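Q: The following block contains the structure, expressed as structure tokens.
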Amino acid sequence: MESMVTALCAALEGHIEVLRALVRASQRQQRAIIGFRTAMDEVHASAEQVASTNAEILDLKAALGERHHEVQLLVQAACQRLELDPDNAGLSDIVATLDPELREPLSLQMSCVRSLVEALDELQRLNQAHAQRGLQLLHAWMSLLSGDGGRSSAQTYTQRGRRRLSKKDMAASLLISA
């Protein structure tokens with residue numbers, strides 16, 4: 001039983017290392033996306049940094065898939081050894097059946113995996129929001145440069161996240177308040 005726990009711990013440690021690398025890459029991605037939006041004179045360098053970070057994230061996701069497969073194989077083997085249904089049982093169920101001294105290292109690693117996954121999820125949501133705002137800014141610039149007279153639906157935002165009023169909206173608000 002102890003060898004099974006040791007193998008699961010080793011597999012989870014590899015999983016944790018890939019998740020940590022993904023979190024670091026997502027943090028770099030966030031800085032690059034924000035840099036892309038704020039430093040218009042460095043757009044090319046920021047775009048290259050975003051692209052290289054995206055490629056790194058794709059590689060790490062593939063590595064994470066491999067680690068996940070390794071953990072799944074060990075979980076299935078442990079389920080069979082503990083006479084649990086491998087289709088309905090998971091790592092939490094295995095940990096619940098272990099003696100307390102064997103349970104602790106797996107519980108700590110499961111907790112670490114959960115926290116890293118939550119951090120990664122939050123970073124990805126923030127990165128997506130920043131990227132969408134960046135796209136809106138680019139659409140606004142393209143609209144301005146193409147001379148379509150503001151007929152485009154692109155929106156720009158202030159530093160506080162409020163929608164910037166178009167000249168037409170500003171004029172209308174001045175007429176109303178006068």
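Scheme for the structure tokens: letters A, B, ... for chains in order shown; per-chain residue numbers from 1; ligand numbers from 1 in order shown.
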Near segment 58-70 of chain A, within 12 Å and counting only C-alpha atoms, which residues show up once chain neighbours fewer than 4 positions away are dropped, as JSON, numbers by chain?
A: {"A": [7, 8, 9, 10, 11, 12, 13, 14, 15, 16, 17, 18, 19, 20, 21, 22, 23, 24, 25, 26, 51, 52, 53, 54, 74, 75, 76, 77, 91, 113, 117, 120]}
Q: Those residues with N, CA and C atoms, as a compact mmCIF listing (two decimals), in the first residue's frame please?
A:
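Below is the file that was written, selection_7.txt:
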```
# COMPACT_ATOMS: atom_id res chain seq x y z
N ALA A 7 3.94 6.18 -5.30
CA ALA A 7 3.81 6.37 -6.75
C ALA A 7 2.80 7.48 -7.05
N LEU A 8 1.69 7.51 -6.34
CA LEU A 8 0.70 8.57 -6.53
C LEU A 8 1.28 9.94 -6.15
N CYS A 9 2.02 9.98 -5.06
CA CYS A 9 2.65 11.24 -4.64
C CYS A 9 3.63 11.74 -5.70
N ALA A 10 4.42 10.83 -6.25
CA ALA A 10 5.39 11.21 -7.29
C ALA A 10 4.67 11.72 -8.54
N ALA A 11 3.60 11.05 -8.93
CA ALA A 11 2.84 11.48 -10.11
C ALA A 11 2.18 12.84 -9.86
N LEU A 12 1.63 13.03 -8.68
CA LEU A 12 1.01 14.31 -8.36
C LEU A 12 2.05 15.42 -8.28
N GLU A 13 3.23 15.11 -7.82
CA GLU A 13 4.30 16.13 -7.77
C GLU A 13 4.63 16.62 -9.18
N GLY A 14 4.69 15.70 -10.14
CA GLY A 14 4.92 16.10 -11.53
C GLY A 14 3.77 16.95 -12.04
N HIS A 15 2.56 16.58 -11.68
CA HIS A 15 1.36 17.34 -12.04
C HIS A 15 1.43 18.76 -11.47
N ILE A 16 1.84 18.86 -10.22
CA ILE A 16 1.96 20.15 -9.53
C ILE A 16 3.00 21.03 -10.20
N GLU A 17 4.13 20.46 -10.57
CA GLU A 17 5.18 21.25 -11.23
C GLU A 17 4.70 21.82 -12.56
N VAL A 18 3.96 21.04 -13.32
CA VAL A 18 3.42 21.55 -14.59
C VAL A 18 2.39 22.65 -14.31
N LEU A 19 1.55 22.46 -13.31
CA LEU A 19 0.57 23.49 -12.97
C LEU A 19 1.25 24.78 -12.52
N ARG A 20 2.31 24.67 -11.75
CA ARG A 20 3.06 25.87 -11.33
C ARG A 20 3.65 26.58 -12.54
N ALA A 21 4.19 25.82 -13.48
CA ALA A 21 4.73 26.42 -14.70
C ALA A 21 3.63 27.10 -15.50
N LEU A 22 2.44 26.49 -15.54
CA LEU A 22 1.30 27.11 -16.23
C LEU A 22 0.88 28.41 -15.56
N VAL A 23 0.88 28.44 -14.25
CA VAL A 23 0.53 29.67 -13.53
C VAL A 23 1.56 30.76 -13.85
N ARG A 24 2.85 30.42 -13.82
CA ARG A 24 3.89 31.42 -14.15
C ARG A 24 3.73 31.92 -15.58
N ALA A 25 3.46 31.01 -16.51
CA ALA A 25 3.28 31.41 -17.92
C ALA A 25 2.04 32.28 -18.07
N SER A 26 0.99 31.97 -17.34
CA SER A 26 -0.24 32.79 -17.41
C SER A 26 0.00 34.18 -16.83
N ALA A 51 2.52 35.94 -28.25
CA ALA A 51 2.54 34.74 -29.10
C ALA A 51 3.48 33.67 -28.52
N SER A 52 4.66 34.05 -28.05
CA SER A 52 5.59 33.06 -27.50
C SER A 52 5.05 32.47 -26.20
N THR A 53 4.41 33.30 -25.39
CA THR A 53 3.82 32.80 -24.15
C THR A 53 2.67 31.86 -24.45
N ASN A 54 1.87 32.18 -25.46
CA ASN A 54 0.77 31.29 -25.85
C ASN A 54 1.29 29.94 -26.31
N LEU A 74 -2.62 5.45 -12.37
CA LEU A 74 -2.31 5.07 -10.99
C LEU A 74 -3.57 5.02 -10.12
N VAL A 75 -4.49 5.94 -10.36
CA VAL A 75 -5.75 5.95 -9.61
C VAL A 75 -6.55 4.68 -9.92
N GLN A 76 -6.61 4.32 -11.19
CA GLN A 76 -7.32 3.09 -11.57
C GLN A 76 -6.70 1.86 -10.92
N ALA A 77 -5.37 1.80 -10.93
CA ALA A 77 -4.69 0.66 -10.30
C ALA A 77 -4.97 0.63 -8.80
N LEU A 91 -9.45 10.01 -6.72
CA LEU A 91 -8.35 10.14 -5.77
C LEU A 91 -8.87 10.43 -4.36
N VAL A 113 -2.91 20.91 -5.64
CA VAL A 113 -3.44 20.85 -7.01
C VAL A 113 -4.69 21.72 -7.11
N VAL A 117 -5.07 24.99 -9.53
CA VAL A 117 -6.11 24.99 -10.58
C VAL A 117 -7.01 26.22 -10.42
N LEU A 120 -5.04 29.24 -11.57
CA LEU A 120 -4.94 29.21 -13.03
C LEU A 120 -6.27 29.63 -13.67
```
Q: I need the alpha helix (DSSP H) residues of segment 16-162 of chain A per DSSP on the backbone, written as an MDAnalysis selection string.
A: chainID A and resid 16:38 43:81 91:97 100:146
Q: Pull C-alpha atoms from the residues just selected and write them as an mmCIF file, in the first residue's frame.
A:
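Okay, again_3.cif is ready:
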```cif
data_model
loop_
_atom_site.group_PDB
_atom_site.id
_atom_site.type_symbol
_atom_site.label_atom_id
_atom_site.label_comp_id
_atom_site.auth_asym_id
_atom_site.auth_seq_id
_atom_site.Cartn_x
_atom_site.Cartn_y
_atom_site.Cartn_z
ATOM 1 C CA ILE A 16 1.955 20.151 -9.530
ATOM 2 C CA GLU A 17 5.179 21.246 -11.229
ATOM 3 C CA VAL A 18 3.425 21.554 -14.587
ATOM 4 C CA LEU A 19 0.570 23.490 -12.967
ATOM 5 C CA ARG A 20 3.064 25.871 -11.327
ATOM 6 C CA ALA A 21 4.732 26.419 -14.699
ATOM 7 C CA LEU A 22 1.302 27.111 -16.230
ATOM 8 C CA VAL A 23 0.533 29.673 -13.529
ATOM 9 C CA ARG A 24 3.885 31.419 -14.149
ATOM 10 C CA ALA A 25 3.284 31.409 -17.917
ATOM 11 C CA SER A 26 -0.236 32.785 -17.414
ATOM 12 C CA GLN A 27 1.186 35.574 -15.257
ATOM 13 C CA ARG A 28 3.680 36.421 -18.031
ATOM 14 C CA GLN A 29 0.822 36.284 -20.532
ATOM 15 C CA GLN A 30 -1.139 38.750 -18.414
ATOM 16 C CA ARG A 31 1.785 41.191 -18.245
ATOM 17 C CA ALA A 32 2.235 40.923 -22.014
ATOM 18 C CA ILE A 33 -1.458 41.498 -22.707
ATOM 19 C CA ILE A 34 -1.573 44.503 -20.398
ATOM 20 C CA GLY A 35 1.653 45.796 -21.984
ATOM 21 C CA PHE A 36 0.055 45.395 -25.384
ATOM 22 C CA ARG A 37 -2.835 47.620 -24.297
ATOM 23 C CA THR A 38 -0.792 50.301 -22.542
ATOM 24 C CA VAL A 43 2.918 46.816 -29.876
ATOM 25 C CA HIS A 44 5.113 44.573 -32.018
ATOM 26 C CA ALA A 45 7.289 43.418 -29.107
ATOM 27 C CA SER A 46 4.229 42.866 -26.908
ATOM 28 C CA ALA A 47 2.492 40.868 -29.654
ATOM 29 C CA GLU A 48 5.580 38.658 -30.045
ATOM 30 C CA GLN A 49 5.733 38.123 -26.290
ATOM 31 C CA VAL A 50 2.027 37.164 -26.200
ATOM 32 C CA ALA A 51 2.543 34.739 -29.098
ATOM 33 C CA SER A 52 5.588 33.058 -27.501
ATOM 34 C CA THR A 53 3.822 32.797 -24.148
ATOM 35 C CA ASN A 54 0.767 31.294 -25.853
ATOM 36 C CA ALA A 55 2.992 28.683 -27.511
ATOM 37 C CA GLU A 56 4.578 27.878 -24.144
ATOM 38 C CA ILE A 57 1.122 27.506 -22.576
ATOM 39 C CA LEU A 58 0.076 25.088 -25.322
ATOM 40 C CA ASP A 59 3.186 22.975 -24.666
ATOM 41 C CA LEU A 60 2.495 23.003 -20.928
ATOM 42 C CA LYS A 61 -1.128 21.989 -21.508
ATOM 43 C CA ALA A 62 0.105 18.991 -23.500
ATOM 44 C CA ALA A 63 2.511 18.100 -20.672
ATOM 45 C CA LEU A 64 -0.338 18.479 -18.188
ATOM 46 C CA GLY A 65 -2.424 16.049 -20.248
ATOM 47 C CA GLU A 66 0.396 13.503 -20.078
ATOM 48 C CA ARG A 67 0.718 13.952 -16.313
ATOM 49 C CA HIS A 68 -3.037 13.661 -15.901
ATOM 50 C CA HIS A 69 -3.033 10.392 -17.850
ATOM 51 C CA GLU A 70 -0.251 9.063 -15.626
ATOM 52 C CA VAL A 71 -2.208 9.983 -12.477
ATOM 53 C CA GLN A 72 -5.385 8.427 -13.896
ATOM 54 C CA LEU A 73 -3.608 5.122 -14.553
ATOM 55 C CA LEU A 74 -2.308 5.066 -10.985
ATOM 56 C CA VAL A 75 -5.750 5.949 -9.605
ATOM 57 C CA GLN A 76 -7.325 3.095 -11.568
ATOM 58 C CA ALA A 77 -4.686 0.660 -10.303
ATOM 59 C CA ALA A 78 -5.230 1.869 -6.723
ATOM 60 C CA CYS A 79 -9.003 1.491 -7.107
ATOM 61 C CA GLN A 80 -8.571 -2.095 -8.211
ATOM 62 C CA ARG A 81 -6.210 -2.816 -5.344
ATOM 63 C CA LEU A 91 -8.350 10.140 -5.774
ATOM 64 C CA SER A 92 -10.490 11.548 -2.941
ATOM 65 C CA ASP A 93 -12.137 8.163 -2.489
ATOM 66 C CA ILE A 94 -8.748 6.457 -2.377
ATOM 67 C CA VAL A 95 -7.460 8.925 0.200
ATOM 68 C CA ALA A 96 -10.553 8.357 2.355
ATOM 69 C CA THR A 97 -9.803 4.626 2.569
ATOM 70 C CA PRO A 100 -4.099 8.522 8.477
ATOM 71 C CA GLU A 101 -0.304 8.365 8.131
ATOM 72 C CA LEU A 102 -0.604 7.421 4.449
ATOM 73 C CA ARG A 103 -3.458 9.851 3.854
ATOM 74 C CA GLU A 104 -1.632 13.051 4.849
ATOM 75 C CA PRO A 105 0.893 13.397 1.978
ATOM 76 C CA LEU A 106 -1.782 12.713 -0.649
ATOM 77 C CA SER A 107 -4.198 15.142 1.007
ATOM 78 C CA LEU A 108 -1.568 17.879 0.985
ATOM 79 C CA GLN A 109 -0.827 17.330 -2.691
ATOM 80 C CA MET A 110 -4.511 17.255 -3.593
ATOM 81 C CA SER A 111 -4.938 20.561 -1.775
ATOM 82 C CA CYS A 112 -1.990 22.019 -3.674
ATOM 83 C CA VAL A 113 -3.442 20.848 -7.007
ATOM 84 C CA ARG A 114 -6.811 22.407 -6.159
ATOM 85 C CA SER A 115 -5.300 25.764 -5.228
ATOM 86 C CA LEU A 116 -3.137 25.856 -8.364
ATOM 87 C CA VAL A 117 -6.112 24.991 -10.579
ATOM 88 C CA GLU A 118 -8.173 27.750 -8.944
ATOM 89 C CA ALA A 119 -5.337 30.261 -9.412
ATOM 90 C CA LEU A 120 -4.942 29.209 -13.028
ATOM 91 C CA ASP A 121 -8.673 29.537 -13.638
ATOM 92 C CA GLU A 122 -8.707 33.056 -12.173
ATOM 93 C CA LEU A 123 -5.656 34.109 -14.205
ATOM 94 C CA GLN A 124 -7.182 32.793 -17.416
ATOM 95 C CA ARG A 125 -10.447 34.668 -16.776
ATOM 96 C CA LEU A 126 -8.516 37.890 -16.134
ATOM 97 C CA ASN A 127 -6.349 37.350 -19.211
ATOM 98 C CA GLN A 128 -9.432 36.809 -21.337
ATOM 99 C CA ALA A 129 -10.996 40.039 -20.047
ATOM 100 C CA HIS A 130 -7.782 42.003 -20.715
ATOM 101 C CA ALA A 131 -7.496 40.506 -24.194
ATOM 102 C CA GLN A 132 -11.099 41.418 -25.004
ATOM 103 C CA ARG A 133 -10.494 44.996 -23.884
ATOM 104 C CA GLY A 134 -7.356 45.093 -25.982
ATOM 105 C CA LEU A 135 -9.317 43.920 -29.015
ATOM 106 C CA GLN A 136 -11.898 46.619 -28.396
ATOM 107 C CA LEU A 137 -9.118 49.187 -28.289
ATOM 108 C CA LEU A 138 -7.688 47.893 -31.560
ATOM 109 C CA HIS A 139 -11.114 47.995 -33.191
ATOM 110 C CA ALA A 140 -11.558 51.565 -31.993
ATOM 111 C CA TRP A 141 -8.167 52.544 -33.452
ATOM 112 C CA MET A 142 -8.967 50.825 -36.740
ATOM 113 C CA SER A 143 -12.293 52.623 -36.858
ATOM 114 C CA LEU A 144 -10.616 55.956 -36.205
ATOM 115 C CA LEU A 145 -7.881 55.350 -38.768
ATOM 116 C CA SER A 146 -10.243 54.064 -41.441
#
```
Q: Rounded to one decimal, what separation in Å do you get between atom CA of Asn88 of chain A and atom CA of Ser3 of chain A?
A: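 Atom CA of Ser3 of chain A lies 23.0 Å from atom CA of Asn88 of chain A.
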